[in-house]
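Read the structure below first, then the notes.
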Amino acid sequence: MSTVHVSYNNIVSALGFSTDEVVKNIAAGHSGLKIVDDKRIFQESFCGALIDTEKLQTAFNKLSPIYQYTRLEQMMITSLSDVIKNSGIKLNERVGLIISSTKGNIDALGNDNYFDEHRAYLSKLGNQINTFFNFKNEAIVVSNACVSGILAVSIAKRYIDHGVYDHVFIASGDVVSRFTLSGFHSFQALSKAPCKPYDANRIGINIGEVAASALVTNSEQHLSEDSVIVLGEGTSNDANHISGPSRTGEGLYRSMQSAFKEAKISANEIDYVSAHGTATLFNDEMEAIAFNRMGLSKVPLNSLKGYFGHTLGASGLVETIVGMQSLKNQTVFKSAGFETSGVTQPLNVIEKTEEKKLQIFLKTASGFGGCNTAVIFKKSK
Amino acid sequence: MLESYKIKSYCHIEDSQLLLNGQVLYADQSKAFTEFIKAAYKSENTKYSKFFKMDSLSKLAFLAADVLLKNQNYTDEEQDIAIVFSNNSSSLNTDRKHQSTIEDKSNYFPSPAVFVYTLPNICIGEISIKYKLNSENSFFIFDRFNANHLKTYSDILLSKNKAKEVLCGWVDFEDEKDYKAFLYLVSSEGDLDNNEQEINKLYNI
């Protein structure tokens, strides 16, 4: 089995349209979260991280599109285009495409949407992106709630290990829509102020939008400066509740065990944890329990939801990319919104952005349906 | 060296029929989905009150999985069965229901009980809860049944020891008349080969 790396990558977000720009903003302590009062999006004001529409159209139009594309397609194509170009990889039959999204073009269901309702089918999203770049293989679309983005990395590695592909491009994305805002609002899960993961005063999530893309490859000839080796990965279900996390963190704990077993390393070799940290009471508490069971309570940990909001099916990938940048820059980033611990188990939540020696990091995510995914990464060079 | 895996058992629900290994367990073609699935559930004598709270996609997936798994004579020990599902319409049937509650600002009544089902993998959660499966799970979307992907992904999970068996297949709920579940169990034992041709043959039974 060859070594599989996550290499060239891009983030299109409220904090910028390239990984470098986004990470500079995070390092400077800037958040993409804002109070949005726009009745066209949602009837109440909310706190979220939105991509600037004009900036998006300018960036997308540079790619000379011939047809009409939805906002999400524009985001994902703009992001993926940057990664394909920088990687220099020719899209032949050894190259796969994985799309991860929870809701895709769900805004196409709305009466006021320009696009036909059929555009809401996720396979159509896959086809649009596939056709734009002329991939030789059909897109594999993963829609597994909020673990989708990190699960896509697992699946890419598995396909490469199995010999199906040499390279897999992943494009992850979700938009802020009335559909998701109204749903989370009905759950009373939205915070009107910037979210505060793991904090004593956390009251809920912010929704954000991001398109993130990355190359996963077995080729040492196609490694970026920030590339990482995928040491191990695993997914596990809580088997407990469809919308509430397990009280014991069972699924998250087991997904980490599976990743550690494959990586053949122990918990004390982890230098940094990029956690899920949605800032709901139950999620953050569940994570604290699972990380303690795994012996990770002292490892520097953050949630990046305070910078991007919860970007649903893209969150796992965008947070992985920021983790790769942490390793490259030997810097851990402050967990925005955190002041006083509000979980019952000890966690080493990162309180200020600072330099640190980093070789290996763990990325985790958890979502509705009881799903949990953990992936362990090590600096490639 | 890659081991070759087998299909142990399979289940279909479509056209108001419930079949296990190709044999009809229950059929009533006078009924559209909502009535049919309740009647099929009752005929199976599964006592599980949560069933009635599920959306249509989850009811479809749950009943097909339940029929398959309960006929396997598993011991009480924990089972390591991964769940790998796929479909074309994701959770769009329920998505449209949620959309209809938010479309009109003067008649706005979104419900968490509906919204929670606006993700395709919720049905995997429902099955995992019933059968206490703390296992690998993933939901994939394709515009048509993709035997090649299911075969590859189940081979990967089994050969990497990420699971002992894989419950996989297609569960699609477009509307009351247009739905289909075809689930099968991949294992190291069984009578049928887990290859693309066989999977396609079973899908089209």
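Residue numbering restarts at 1 for every chain of the structure tokens, chains are lettered A, B, ... in their displayed order, and ligands are numbered from 1 as they appear.
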Which residues are close to stretch 234-251 of chain A, i.e. within 8 Å by only C-alpha atoms, leaving aside same-chain residues fewer than 6 positions away? Reply as number ranges by chain. A: 151, 154, 257-259, 282-283, 286-287, 289-290, 367-375; B: 116, 122, 125-126, 128-137, 162
Name all residues at most 9 Å from stretch 4-20 of chain B (count only C-alpha atoms; drop same-chain ones fewer than 4 positions away) and give them as number ranges by chain. B: 24-33, 36-37, 40, 60-61, 63-65, 67-68, 72, 154-155, 158, 177-195, 199, 202-203, 205
In Å, how far is it from atom CA of A:Ser101 to atom CA of A:Gly126?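 That distance, rounded to one decimal, is 9.9 Å.
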Mind checking which residues fall within 8 Å of A:Val343, counting only C-alpha atoms, ignoring those fewer than 3 positions away in the same chain, and posting them as JSON, numbers by chain? {"A": [198, 199, 200, 284, 285, 288, 346]}
Give me every helix (DSSP H, G or I) residue in stretch 241-300 of chain A, going by DSSP on the backbone, as an NGL selection string. :A and (250-263 or 267-269 or 281-293)
All residues 8 Å or closer to stretch 312-317 of chain A, only C-alpha atoms, same chain fewer than 4 positions away omitted, as a compact mmCIF listing (two decimals) with N, CA and C atoms, in the first residue's frame:
```txt
# COMPACT_ATOMS: atom_id res chain seq x y z
N SER A 100 -18.57 16.50 -1.85
CA SER A 100 -19.28 16.33 -0.59
C SER A 100 -20.14 17.55 -0.31
N SER A 101 -21.39 17.28 0.02
CA SER A 101 -22.33 18.36 0.33
C SER A 101 -23.49 17.76 1.12
N THR A 102 -24.02 18.51 2.08
CA THR A 102 -25.19 17.98 2.77
C THR A 102 -26.46 18.32 1.99
N LYS A 103 -26.56 19.56 1.52
CA LYS A 103 -27.82 20.00 0.90
C LYS A 103 -27.68 20.46 -0.53
N SER A 143 -23.05 12.34 0.80
CA SER A 143 -23.91 13.22 1.58
C SER A 143 -24.22 12.54 2.90
N ASN A 144 -23.35 12.75 3.86
CA ASN A 144 -23.45 12.07 5.15
C ASN A 144 -23.44 13.09 6.28
N ALA A 145 -24.37 14.04 6.18
CA ALA A 145 -24.50 15.09 7.18
C ALA A 145 -23.17 15.82 7.38
N CYS A 146 -22.91 16.24 8.62
CA CYS A 146 -21.79 17.15 8.86
C CYS A 146 -20.43 16.47 8.89
N VAL A 147 -20.36 15.16 8.67
CA VAL A 147 -19.05 14.53 8.52
C VAL A 147 -18.64 14.44 7.05
N SER A 148 -19.53 14.83 6.13
CA SER A 148 -19.29 14.63 4.69
C SER A 148 -17.90 15.09 4.23
N GLY A 149 -17.48 16.29 4.65
CA GLY A 149 -16.23 16.87 4.16
C GLY A 149 -15.01 16.06 4.57
N ILE A 150 -14.98 15.58 5.80
CA ILE A 150 -13.82 14.80 6.25
C ILE A 150 -13.97 13.34 5.80
N LEU A 151 -15.20 12.87 5.72
CA LEU A 151 -15.43 11.51 5.21
C LEU A 151 -14.95 11.41 3.75
N VAL A 153 -12.37 12.73 2.52
CA VAL A 153 -10.92 12.48 2.56
C VAL A 153 -10.66 10.99 2.82
N SER A 172 -15.86 20.24 -1.76
CA SER A 172 -16.90 20.23 -0.72
C SER A 172 -17.57 21.59 -0.67
N GLY A 173 -18.88 21.60 -0.49
CA GLY A 173 -19.53 22.90 -0.38
C GLY A 173 -20.96 22.83 0.10
N ASP A 174 -21.38 23.88 0.76
CA ASP A 174 -22.77 24.10 1.13
C ASP A 174 -23.00 25.60 1.19
N ILE A 207 -24.42 29.48 11.06
CA ILE A 207 -24.27 28.78 9.78
C ILE A 207 -23.37 29.62 8.87
N GLY A 208 -22.49 28.96 8.18
CA GLY A 208 -21.61 29.65 7.25
C GLY A 208 -21.58 28.94 5.92
N VAL A 210 -18.98 27.81 2.62
CA VAL A 210 -17.60 27.63 2.17
C VAL A 210 -17.61 26.64 1.02
N ALA A 211 -16.68 26.84 0.07
CA ALA A 211 -16.32 25.74 -0.82
C ALA A 211 -14.86 25.46 -0.55
N ALA A 212 -14.54 24.21 -0.30
CA ALA A 212 -13.16 23.81 -0.06
C ALA A 212 -12.81 22.68 -1.01
N SER A 213 -11.59 22.68 -1.50
CA SER A 213 -11.16 21.62 -2.43
C SER A 213 -9.76 21.18 -2.09
N HIS A 276 -14.62 19.37 16.18
CA HIS A 276 -15.83 19.78 15.47
C HIS A 276 -16.39 21.05 16.12
N ILE A 321 -7.86 21.57 5.93
CA ILE A 321 -6.91 22.43 5.21
C ILE A 321 -6.24 23.42 6.17
N LYS A 363 -8.13 15.21 13.03
CA LYS A 363 -9.33 15.97 12.67
C LYS A 363 -10.55 15.10 12.95
N THR A 364 -11.54 15.67 13.63
CA THR A 364 -12.76 14.90 13.88
C THR A 364 -13.99 15.71 13.47
N ALA A 365 -15.08 15.00 13.22
CA ALA A 365 -16.36 15.65 12.96
C ALA A 365 -17.48 14.71 13.39
```
Run DSSP on the backbone and give me the residues of stretch 122-199 of chain B it puts in strand (DSSP E), as a ChimeraX atom specification. /B:137-141,165-175,178-187,192-193
For those residues, write N, CA and C atoms to a file as a compact mmCIF listing (two decimals), in the first residue's frame.
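So the final result, stored in part_31.txt, reads:
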```txt
# COMPACT_ATOMS: atom_id res chain seq x y z
N ASN B 137 -20.33 4.03 8.35
CA ASN B 137 -21.53 4.32 7.56
C ASN B 137 -21.28 5.45 6.58
N SER B 138 -21.91 5.33 5.42
CA SER B 138 -21.78 6.37 4.42
C SER B 138 -22.97 6.35 3.46
N PHE B 139 -23.39 7.55 3.04
CA PHE B 139 -24.46 7.65 2.06
C PHE B 139 -23.94 8.32 0.80
N PHE B 140 -24.13 7.64 -0.34
CA PHE B 140 -23.65 8.14 -1.63
C PHE B 140 -24.83 8.46 -2.54
N ILE B 141 -24.63 9.43 -3.43
CA ILE B 141 -25.68 9.81 -4.37
C ILE B 141 -25.19 9.56 -5.81
N GLU B 165 -19.06 -7.31 8.08
CA GLU B 165 -20.04 -7.47 7.00
C GLU B 165 -20.46 -6.08 6.56
N VAL B 166 -21.05 -6.00 5.37
CA VAL B 166 -21.54 -4.71 4.89
C VAL B 166 -22.99 -4.85 4.44
N LEU B 167 -23.84 -4.01 5.02
CA LEU B 167 -25.23 -3.92 4.58
C LEU B 167 -25.25 -2.79 3.56
N CYS B 168 -25.45 -3.14 2.28
CA CYS B 168 -25.37 -2.05 1.31
C CYS B 168 -26.47 -2.14 0.28
N GLY B 169 -26.57 -1.10 -0.53
CA GLY B 169 -27.56 -1.09 -1.58
C GLY B 169 -28.13 0.27 -1.90
N TRP B 170 -29.37 0.25 -2.37
CA TRP B 170 -30.03 1.43 -2.93
C TRP B 170 -31.34 1.64 -2.18
N VAL B 171 -31.56 2.84 -1.64
CA VAL B 171 -32.86 3.18 -1.04
C VAL B 171 -33.26 4.55 -1.55
N ASP B 172 -34.23 4.58 -2.42
CA ASP B 172 -34.62 5.82 -3.07
C ASP B 172 -36.11 6.04 -2.88
N PHE B 173 -36.46 7.23 -2.38
CA PHE B 173 -37.87 7.57 -2.25
C PHE B 173 -38.14 8.89 -2.93
N GLU B 174 -38.68 8.80 -4.14
CA GLU B 174 -39.01 10.00 -4.90
C GLU B 174 -40.42 10.47 -4.50
N ASP B 175 -41.39 9.58 -4.57
CA ASP B 175 -42.75 9.87 -4.12
C ASP B 175 -43.51 8.57 -3.87
N ASP B 178 -43.09 6.14 -6.71
CA ASP B 178 -41.76 5.93 -7.28
C ASP B 178 -40.75 5.76 -6.14
N TYR B 179 -40.55 4.52 -5.75
CA TYR B 179 -39.62 4.25 -4.65
C TYR B 179 -39.03 2.87 -4.85
N LYS B 180 -37.88 2.65 -4.25
CA LYS B 180 -37.28 1.32 -4.34
C LYS B 180 -36.22 1.15 -3.26
N ALA B 181 -36.28 0.01 -2.60
CA ALA B 181 -35.17 -0.40 -1.73
C ALA B 181 -34.64 -1.71 -2.27
N PHE B 182 -33.34 -1.79 -2.43
CA PHE B 182 -32.68 -3.06 -2.71
C PHE B 182 -31.44 -3.09 -1.83
N LEU B 183 -31.52 -3.89 -0.76
CA LEU B 183 -30.40 -3.98 0.18
C LEU B 183 -29.87 -5.40 0.19
N TYR B 184 -28.57 -5.53 0.38
CA TYR B 184 -27.99 -6.87 0.46
C TYR B 184 -26.82 -6.88 1.44
N LEU B 185 -26.52 -8.06 1.93
CA LEU B 185 -25.47 -8.22 2.93
C LEU B 185 -24.25 -8.86 2.30
N VAL B 186 -23.12 -8.17 2.40
CA VAL B 186 -21.87 -8.71 1.87
C VAL B 186 -21.04 -9.23 3.04
N SER B 187 -20.47 -10.43 2.85
CA SER B 187 -19.80 -11.12 3.94
C SER B 187 -18.72 -12.02 3.35
N LEU B 192 -23.71 -16.29 -3.25
CA LEU B 192 -23.56 -15.49 -4.47
C LEU B 192 -22.28 -14.67 -4.42
N ASP B 193 -21.64 -14.51 -5.58
CA ASP B 193 -20.42 -13.70 -5.61
C ASP B 193 -20.76 -12.21 -5.54
```
Just to confirm, what's the straight-line distance from atom CA of A:Ile360 to atom CA of A:Ser335 in Å (one decimal)?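 These atoms are spaced 18.4 Å apart.
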Record the distance separating atom CA of A:Met324 and atom CA of A:Ser227, expressed in Å with one decimal.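 Computing it gives 6.7 Å between the two atoms.
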